[in-house]
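Since the structure comes first, as structure tokens, the remarks are kept for the end.
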There are 8 protein chains.
Amino acid sequence: MKIINHDIDREKRCGVPEIIYGEGKTEADLSVVVKEFLSSSGRAIITRVDEEKAKRIIEATNKKKYIINHNRKGRVLVIKKKERKTKNIGVVGILCAGTSDTKIAEEARAIAEELGCKVLREYDVGIAGIHRVFPAIQRLKKARAYIVAAGMEGALPSVVAGLVKAPVIAVPTSVGYGTSEKGKTALNTMLNSCTPLAVVNIDNGYGAAIIAYKILSTQKTKK
Amino acid sequence: MKIINHDIDREKRCGVPEIIYGEGKTEADLSVVVKEFLSSSGRAIITRVDEEKAKRIIEATNKKKYIINHNRKGRVLVIKKKERKTKNIGVVGILCAGTSDTKIAEEARAIAEELGCKVLREYDVGIAGIHRVFPAIQRLKKARAYIVAAGMEGALPSVVAGLVKAPVIAVPTSVGYGTSEKGKTALNTMLNSCTPLAVVNIDNGYGAAIIAYKILSTQKTKK
Amino acid sequence: MKIINHDIDREKRCGVPEIIYGEGKTEADLSVVVKEFLSSSGRAIITRVDEEKAKRIIEATNKKKYIINHNRKGRVLVIKKKERKTKNIGVVGILCAGTSDTKIAEEARAIAEELGCKVLREYDVGIAGIHRVFPAIQRLKKARAYIVAAGMEGALPSVVAGLVKAPVIAVPTSVGYGTSEKGKTALNTMLNSCTPLAVVNIDNGYGAAIIAYKILSTQKTKK
Amino acid sequence: MKIINHDIDREKRCGVPEIIYGEGKTEADLSVVVKEFLSSSGRAIITRVDEEKAKRIIEATNKKKYIINHNRKGRVLVIKKKERKTKNIGVVGILCAGTSDTKIAEEARAIAEELGCKVLREYDVGIAGIHRVFPAIQRLKKARAYIVAAGMEGALPSVVAGLVKAPVIAVPTSVGYGTSEKGKTALNTMLNSCTPLAVVNIDNGYGAAIIAYKILSTQKTKK
Amino acid sequence: MKIINHDIDREKRCGVPEIIYGEGKTEADLSVVVKEFLSSSGRAIITRVDEEKAKRIIEATNKKKYIINHNRKGRVLVIKKKERKTKNIGVVGILCAGTSDTKIAEEARAIAEELGCKVLREYDVGIAGIHRVFPAIQRLKKARAYIVAAGMEGALPSVVAGLVKAPVIAVPTSVGYGTSEKGKTALNTMLNSCTPLAVVNIDNGYGAAIIAYKILSTQKTKK
Amino acid sequence: MKIINHDIDREKRCGVPEIIYGEGKTEADLSVVVKEFLSSSGRAIITRVDEEKAKRIIEATNKKKYIINHNRKGRVLVIKKKERKTKNIGVVGILCAGTSDTKIAEEARAIAEELGCKVLREYDVGIAGIHRVFPAIQRLKKARAYIVAAGMEGALPSVVAGLVKAPVIAVPTSVGYGTSEKGKTALNTMLNSCTPLAVVNIDNGYGAAIIAYKILSTQKTKK
Amino acid sequence: MKIINHDIDREKRCGVPEIIYGEGKTEADLSVVVKEFLSSSGRAIITRVDEEKAKRIIEATNKKKYIINHNRKGRVLVIKKKERKTKNIGVVGILCAGTSDTKIAEEARAIAEELGCKVLREYDVGIAGIHRVFPAIQRLKKARAYIVAAGMEGALPSVVAGLVKAPVIAVPTSVGYGTSEKGKTALNTMLNSCTPLAVVNIDNGYGAAIIAYKILSTQKTKK
Amino acid sequence: MKIINHDIDREKRCGVPEIIYGEGKTEADLSVVVKEFLSSSGRAIITRVDEEKAKRIIEATNKKKYIINHNRKGRVLVIKKKERKTKNIGVVGILCAGTSDTKIAEEARAIAEELGCKVLREYDVGIAGIHRVFPAIQRLKKARAYIVAAGMEGALPSVVAGLVKAPVIAVPTSVGYGTSEKGKTALNTMLNSCTPLAVVNIDNGYGAAIIAYKILSTQKTKK
């Protein structure tokens, strides 16, 4: 009896493909799913895949047939047919507050790039040294959407949104201790920003990238 | 000694004007601020203004010189110079789950329209009767961004985001009782959606409209 | 001095036998309790038993005398005398939203089947791809009670309850991260559903099965 | 433009009619909705309607044409065509722990009776005087489902479920102070019961009645 | 420079000796403190000491000079001079709801006995089988104070306090999962009991024993 | 049909009478219950009764037949037959930290005195001026149990328990603002005290008095 | 019997006088306490006193003998003997983020000034318009301690502390809605600031002033 | 592309250097950052560095050129050029309640000393034995700021602040179990202290030291 129901046409319906969430899946589980995705759509995107599992999946992949992009810090692995093309849909600026937030920023970057965004980055621009924010913003001025990740007090996205015109997607990270409450403080800071922010779940770099992609691709399809 | 510091050029810097938050301000307070805004930018937009105060501010306004738009349900009052023009920047679809969410949906609508969005609405399409969602989505297909408001279990935005390509801005409302925890349950539902959503604070119709506006106007400026 | 007080006649009093909760018990502890249950009622049902312990208990069991049913995914082990009969009391439909919820759905299935329910399953029918829900519901139409497990935003049970006549038992799972708060978000979503649900504790597949069993067996005894 | 989407065939689809939630609606709002319901289905059921509004709606109703049932304590008002019949579907037992829980128990009773259940009640049987529970259970022995409401420590449903065979629906009430946290303590007690309970939202007497009705009516339709 | 300030005369001042909290202390740390206590008061009482550490401390102890009492389940180790006497101060009844609560009940027992209480126990008398409570209470009727430990829904202390005259000390345990919230649900249940309970911190068997001791010893000193 | 179940022999069973909780009951409700209690046991004790209602109940009472004790600050009203005697069972010391905690301390006093305790009081001895605590403790040295009420940081009971031999019952009060969280901070402080405390619910002066009474009366009955 | 224990020499011991918390006290209560304070120390400082009560206390005060300082916005009333002198102890800078935070900032100012601080203020410098912060900081450069009040996301104190050398005392305010959770979000933001802040309770302008005073006066006494 | 933005002139701007947070960084990461800091400012201060990593970093350091200060208990490692001088800026008193709080107190000490404070310590002076506090305070009377660390009920800072004139910085620690909620109870106790405290995040010894340093150095620069 077949009891599993896949969502095979999500890309057609929503514009974004289904993505494989690697956490808690064994290497064997992942191998099966990767095969299914490669045969049905020619591409498999895995998030939250630890280094060891990624390495073994890569080893088992036919490099002649497939391109492999592995973002170690962001824990994202992309495997796709060589003939698959990605069209450029515009620039996304990604900022983060502290060095520990980089991991989430890179998850966002890996997904956004795979979906066709050009990504410009400015990391470690936390508000403790506010002067660093202004030139960073200046260097990102071509961005048509911003992704800003921050843990602890989570105030960077508010500051950025007070300085730019494009929409700002805020990603709280679980960085911090004590009353940071594993990211809930940063999340609430972002939800209460005076300048409205588009907020996603804690550590959800993937979600931020999808929203950035939707913003840019809606713009593309508009013409 | 002058100790108050206004933010007079926010519109130029961020693309959106500063908006007056009416809650907790007296009619006298509001009258002063409205005058300041009218003289500096030719427009005053007040949110969360109760009917009685709105009425008196309207009565005191010179109708020959100013256009007055009052959205009673959404508690938004706009007063602006007759010569001010609003350019059309595209379509926003607004949906809400229950009749009690309408108030927040209308706040979003009033702000979005004032900023130049054309708004299409579908109200009372909660997931208890899921069949109502499909034709509603169909009627809104021109939207380049969606605002979806829901209280209680807050699941409507997830369902909508699984059916459309444009970005979905989710607004949790404080509708419900017991474990709805004044909107926190709906908020968390939206942050945990399988299909990523751009989430704003509870009852923050204003914030959702600003983000929708930014998405659409970034698109405009792109060409 | 005897200081432990067993509840030996619960099955007679409440219609359901006492079940052994395996978590935190050593293999030695479990072996003793299993023996007690087999000698008093001819059946031992253990939940939350990990694979290694289950294996050793099975090895030590006399296969000539006892039937062994081990649901690995659901971590349920049933050992019972060969002569014990289970009467069929009707159909229960079990659905779950994501692949990670399967574990809990299977716990429910193992218990429900052991108590005499015929179980029909539809897994991985999350609301991100809402179209999958309708045919799944159709295939389960003989069910006289539904068990629906979901983590993250936990909205599937609401959707199902809006489409069927029989009572829906909702099981929140601890699947998710950040604001999923280990299942509390899914739990609250279910408690706030517009269409009323019979909710159980987070990850409590066992409890859902017992309620389904009580619903069906009450129906049975009614004639 | 018509922007409101009613769910007119819920009764046919799910077996239970849509019910009007009276809280926060004005008398005028309610009058309009009541008329709509009477003309479409011949019956309007309003919950959480305060005495004053109920009185005025009753005064405006044609008593020759309509039957009026008003449960003051439970704040439920039913208006329906005289020719409408309710078929008897079986017995529901309703218990509550303290006198302050009666309000919620009566909400459940009013709905359950309107949907065709015969209701037997035992109130004020809190566990501080545990001896009262046993004869009460005895007097309710014909029930094929139980609704048990309790605030404060919320332990009554657990005790009842340890004594009966039929499913127990537990309703936490917001009765208490301090750490009762407006019903959350009672809710959690019920979710953690050793004997599994079908739990609904805090103060949700209406939801408990719907689930009891579904349990009984599924049995009816089964033959 | 001496910077540590010991509380050497607590027993004289408050009637109870300072007790060594073993958690997080190394075996070396404990050895030093045990020596200090033995030389100053002739007795060392350690709580939360794991089996391995306890074993090594015992091995290093001079059995000719000292009595050693080790409650493995309760993780309490007492070492004291052979000439030390404990006077009998009366009976304490200890009950617990489930087998997993035994650990905390035994911590209470070990401390209470060391301080001179005679302890009578009744374990595994949870309210799911309420009939077991009555004979257990009967067997404990000489108790002048009760300690009742329970996790999950935590309702046993309420039931006991409704049946006895002596004060009941309630100990919530961290037993459970999901919404048990590591004992907070049991704690809140106990604080909201209709029959007032003397509540201590989660898993605080030691604290319960101290309060029981104070109740009994105050009685003693009264004559 | 009689559906209310009174607990008429609680005093005989548990040593303490059932007490009427006045909050949320109308004057009419209270009058009925008072009459029932006077006729069955010759005494009615009402807590949380506001001044206006108390006044009217007193006016309606036959002063020739009944003694009336009304503690306005503590909101407790006692009405009892003149022939009823209260035997003296010993001394309870009551302390509170701030002037706002007096209300709860007086509730405890009124109940304790009615049950036969002699009460000695020391109010406004908060730890901000720690020197005040020592002479206060000295003046209360005859107490065989202490009730200590405190809001805000709630640290007074810990300090007292470090200075006396008799058991200390700690009552957190809802006094404070911001992070006092209506008494939860004081409650948690008390549960985490280094010197164990017998803690009751927030603002539960009544519960503290019952426990003090049980401690003293158990001592009495012991001889 | 005298049961109230005043703390008459707190000023001598801790350097700061006891201050009267006006909330919840009646005008009559306040009059008595004011008189006591005037006769013992020649000064009464009341916080959280509403306008109506303040007015009546002022009317009843002998203006020939006493100086009256009433900060309406900050709800602080000071009455003191004309001969009382306040020595200048240095400059405190007070900033706040939004107009709604002014109330708390003014409470801090009134207390700080009464204790001898010279106060410089910069209000409405929220981080949505970050450019406003720099000149404000510049104008306050003589401050030897800063008090920074902010509600909603509460990020202003972090930004200020990244720009100045003197210690920053952060006051979260209860301004905001939804997930601002009445100031808890701002509080947590401040506790998690990358640049360490001295944080006080929500809306505790008074506490911030006391700490600023202690910092400055310790400096004074140092020479 | 350079995407990391360091804050190289924080010491000049805010008076305190940037400090390296060691938690979660690998030994390799730390080595790189230490080198950068040594070459730019001649000093590297690392907090939360575990013993093993510290040991290896020390081994790799040129002892002829650098001074190494390693506070094992406080997990702080300082490496700096021999020619660097630290000027004495005054006395800080550090107290802590229990032996488990020492770790955090030592973190504060290591940082404060490195920044030029002379530190006097009094450890293990918890309020269970309140008499120990008075002589400890006496021995610290030269302090111009106090740092007081406490876990569990967290009441020590309140008691200290009621006895001294200099500002008290309160550090809640995560010591405790059950309702200590990993330090949140101690934190809330401190925020609600009757005598105002300057509170920092849970376990934030580093932050407390920075604030103490700022208080003392502002005083220094004042002359």
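Labels for the structure tokens follow display order: chains A, B, ..., residues from 1 in each chain, ligands from 1.
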
Would you tabulate, counting only C-alpha atoms, all residues of chain B that have an atom at most 6 Å from an atom of chain D, showing the closest pair of atoms and their distance in Å to one decimal, sorted by chain then ascending number, as JSON lines?
```
{"residue": "B:Glu122", "atom": "CA", "partner": "D:Ile3", "partner_atom": "CA", "distance": 4.9}
{"residue": "B:Tyr123", "atom": "CA", "partner": "D:Ile4", "partner_atom": "CA", "distance": 4.9}
{"residue": "B:Asp124", "atom": "CA", "partner": "D:Asn5", "partner_atom": "CA", "distance": 5.3}
{"residue": "B:Val125", "atom": "CA", "partner": "D:Asn5", "partner_atom": "CA", "distance": 5.9}
{"residue": "B:Gly178", "atom": "CA", "partner": "D:Ile202", "partner_atom": "CA", "distance": 4.9}
```

Name all residues at most 7 Å from Glu107 in chain G (count only C-alpha atoms; drop same-chain ones fewer than 3 positions away) and give them as a ChimeraX atom specification. /G:74-76,103-104,110-111,205-206

I need the residues in range 133-195 of chain C that are strand (DSSP E) according to DSSP; give them as a VMD selection string. chain C and resid 145 to 150 168 to 172

So which residues touch Lys65 in chain H within 9 Å, counting only C-alpha atoms, skipping near sequence neighbours fewer than 5 positions away, as a PyMOL selection string? chain H and resi 80-83

Just to be explicit: take each residue in the selection above, keep all heavy atoms, and write the result as a PDB file, in the first residue's frame.
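Heads up, here's the output in part_38.pdb:
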```
ATOM      1  N   LYS H  80      49.063  39.659  26.686  1.00  0.00           N
ATOM      2  CA  LYS H  80      49.361  41.045  26.310  1.00  0.00           C
ATOM      3  C   LYS H  80      50.860  41.316  26.320  1.00  0.00           C
ATOM      4  O   LYS H  80      51.629  40.617  26.973  1.00  0.00           O
ATOM      5  CB  LYS H  80      48.640  42.010  27.245  1.00  0.00           C
ATOM      6  CG  LYS H  80      48.995  41.842  28.696  1.00  0.00           C
ATOM      7  CD  LYS H  80      48.239  42.859  29.547  1.00  0.00           C
ATOM      8  CE  LYS H  80      48.515  42.547  31.023  1.00  0.00           C
ATOM      9  NZ  LYS H  80      47.777  43.451  31.907  1.00  0.00           N
ATOM     10  N   LYS H  81      51.239  42.323  25.600  1.00  0.00           N
ATOM     11  CA  LYS H  81      52.643  42.721  25.512  1.00  0.00           C
ATOM     12  C   LYS H  81      53.155  43.101  26.881  1.00  0.00           C
ATOM     13  O   LYS H  81      52.450  43.755  27.661  1.00  0.00           O
ATOM     14  CB  LYS H  81      52.790  43.900  24.559  1.00  0.00           C
ATOM     15  CG  LYS H  81      52.621  43.504  23.105  1.00  0.00           C
ATOM     16  CD  LYS H  81      53.203  44.568  22.173  1.00  0.00           C
ATOM     17  CE  LYS H  81      53.015  44.147  20.718  1.00  0.00           C
ATOM     18  NZ  LYS H  81      52.533  45.267  19.902  1.00  0.00           N
ATOM     19  N   LYS H  82      54.400  42.729  27.165  1.00  0.00           N
ATOM     20  CA  LYS H  82      54.961  42.999  28.478  1.00  0.00           C
ATOM     21  C   LYS H  82      54.992  44.491  28.799  1.00  0.00           C
ATOM     22  O   LYS H  82      54.850  44.895  29.957  1.00  0.00           O
ATOM     23  CB  LYS H  82      56.379  42.404  28.569  1.00  0.00           C
ATOM     24  CG  LYS H  82      56.353  40.870  28.537  1.00  0.00           C
ATOM     25  CD  LYS H  82      57.495  40.250  29.285  1.00  0.00           C
ATOM     26  CE  LYS H  82      57.163  38.784  29.566  1.00  0.00           C
ATOM     27  NZ  LYS H  82      58.269  38.015  30.111  1.00  0.00           N
ATOM     28  N   GLU H  83      55.161  45.320  27.775  1.00  0.00           N
ATOM     29  CA  GLU H  83      55.282  46.749  28.045  1.00  0.00           C
ATOM     30  C   GLU H  83      53.938  47.431  28.360  1.00  0.00           C
ATOM     31  O   GLU H  83      53.895  48.555  28.832  1.00  0.00           O
ATOM     32  CB  GLU H  83      55.974  47.471  26.861  1.00  0.00           C
ATOM     33  CG  GLU H  83      55.288  47.335  25.522  1.00  0.00           C
ATOM     34  CD  GLU H  83      55.779  46.130  24.729  1.00  0.00           C
ATOM     35  OE1 GLU H  83      56.217  45.147  25.363  1.00  0.00           O
ATOM     36  OE2 GLU H  83      55.714  46.152  23.499  1.00  0.00           O
TER      37      GLU H  83
END
```

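Nearest to Ile130 in chain B of all the residues C:Ile89, C:Val32, C:Val159, C:Ala198 is C:Val159, based on only C-alpha atoms.
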
Using CA of Arg48 in chain B and CA of Thr99 in chain B as the two end points, give the distance in Å to one decimal. 18.5 Å

Would you list, as a ChimeraX atom specification, the residues of range 10-147 of chain A that end up in alpha helix (DSSP H) under DSSP run on this structure's backbone? /A:10-14,27-41,51-59,102-114,133-139

Expected file: the selected residues, C-alpha atoms, as a compact mmCIF listing (two decimals), in the first residue's frame:
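Here's the written file out30.txt:
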```txt
# COMPACT_ATOMS: atom_id res chain seq x y z
CA ARG A 10 5.25 22.64 -6.06
CA GLU A 11 7.72 24.55 -8.26
CA LYS A 12 5.10 24.98 -10.97
CA ARG A 13 2.41 26.01 -8.46
CA CYS A 14 4.39 28.29 -6.10
CA GLU A 27 22.67 9.35 5.07
CA ALA A 28 20.69 6.43 3.64
CA ASP A 29 17.41 8.37 3.82
CA LEU A 30 19.02 11.34 2.11
CA SER A 31 20.52 9.23 -0.67
CA VAL A 32 17.12 7.85 -1.57
CA VAL A 33 15.45 11.27 -1.61
CA VAL A 34 18.31 12.86 -3.57
CA LYS A 35 17.92 10.20 -6.25
CA GLU A 36 14.18 10.80 -6.47
CA PHE A 37 14.67 14.54 -6.84
CA LEU A 38 17.42 14.20 -9.44
CA SER A 39 15.33 11.91 -11.57
CA SER A 40 12.13 13.95 -11.30
CA SER A 41 13.46 17.56 -11.52
CA GLU A 51 29.74 17.81 6.80
CA GLU A 52 30.20 14.07 7.15
CA LYS A 53 26.93 13.14 5.44
CA ALA A 54 27.47 15.74 2.71
CA LYS A 55 30.92 14.30 2.01
CA ARG A 56 29.58 10.79 1.53
CA ILE A 57 26.71 11.89 -0.68
CA ILE A 58 29.17 13.86 -2.80
CA GLU A 59 31.49 10.86 -3.08
CA THR A 102 27.36 33.83 9.62
CA LYS A 103 26.16 30.25 9.51
CA ILE A 104 22.56 31.34 9.00
CA ALA A 105 23.52 34.11 6.59
CA GLU A 106 25.35 31.56 4.48
CA GLU A 107 22.35 29.22 4.45
CA ALA A 108 20.36 32.11 3.01
CA ARG A 109 23.09 32.91 0.51
CA ALA A 110 23.40 29.34 -0.78
CA ILE A 111 19.66 29.05 -1.40
CA ALA A 112 19.29 32.54 -2.87
CA GLU A 113 22.16 31.99 -5.29
CA GLU A 114 20.86 28.62 -6.39
CA VAL A 133 26.67 49.97 9.09
CA PHE A 134 26.67 53.07 6.84
CA PRO A 135 29.46 52.14 4.40
CA ALA A 136 28.17 48.55 4.35
CA ILE A 137 24.72 49.77 3.29
CA GLN A 138 26.36 51.94 0.68
CA ARG A 139 28.19 48.97 -0.83
```

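Pairwise distance (CA of Leu115 in chain F, CA of Lys165 in chain E) equals 13.9 Å.
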
Could you please determine the separation between CA of Ala155 in chain C and CA of Ala208 in chain C in Å, to one decimal place?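 Here the two named atoms are 16.9 Å from each other.
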
Of B:Asn69, B:Gly162, B:Gly151, B:Val91, the one sitting nearest Arg132 in chain C when using only C-alpha atoms is B:Gly162

Just want the 8 Å neighbourhood of Ala143 in chain D, counted on only C-alpha atoms, with same-chain residues fewer than 4 positions away dropped. Output as a PDB file with N, CA, C and O atoms, in the first residue's frame.
```
ATOM      1  N   GLY D  90     -28.478   9.724  21.666  1.00  0.00           N
ATOM      2  CA  GLY D  90     -27.819   9.018  22.773  1.00  0.00           C
ATOM      3  C   GLY D  90     -27.521   9.923  23.955  1.00  0.00           C
ATOM      4  O   GLY D  90     -27.785  11.128  23.905  1.00  0.00           O
ATOM      5  N   VAL D  91     -26.939   9.361  25.005  1.00  0.00           N
ATOM      6  CA  VAL D  91     -26.743  10.076  26.262  1.00  0.00           C
ATOM      7  C   VAL D  91     -25.297  10.584  26.406  1.00  0.00           C
ATOM      8  O   VAL D  91     -24.353   9.846  26.158  1.00  0.00           O
ATOM      9  N   VAL D  92     -25.182  11.861  26.823  1.00  0.00           N
ATOM     10  CA  VAL D  92     -23.891  12.442  27.182  1.00  0.00           C
ATOM     11  C   VAL D  92     -23.943  12.793  28.658  1.00  0.00           C
ATOM     12  O   VAL D  92     -24.911  13.406  29.121  1.00  0.00           O
ATOM     13  N   GLY D  93     -22.911  12.415  29.420  1.00  0.00           N
ATOM     14  CA  GLY D  93     -22.814  12.787  30.825  1.00  0.00           C
ATOM     15  C   GLY D  93     -21.948  14.019  30.961  1.00  0.00           C
ATOM     16  O   GLY D  93     -20.853  14.060  30.406  1.00  0.00           O
ATOM     17  N   LEU D 120     -27.209  14.155  30.871  1.00  0.00           N
ATOM     18  CA  LEU D 120     -27.341  13.948  32.318  1.00  0.00           C
ATOM     19  C   LEU D 120     -26.219  14.721  32.993  1.00  0.00           C
ATOM     20  O   LEU D 120     -25.083  14.700  32.520  1.00  0.00           O
ATOM     21  N   ALA D 166     -16.407   4.849  28.446  1.00  0.00           N
ATOM     22  CA  ALA D 166     -16.655   5.732  27.308  1.00  0.00           C
ATOM     23  C   ALA D 166     -15.603   6.833  27.254  1.00  0.00           C
ATOM     24  O   ALA D 166     -14.962   7.143  28.254  1.00  0.00           O
TER      25      ALA D 166
END
```
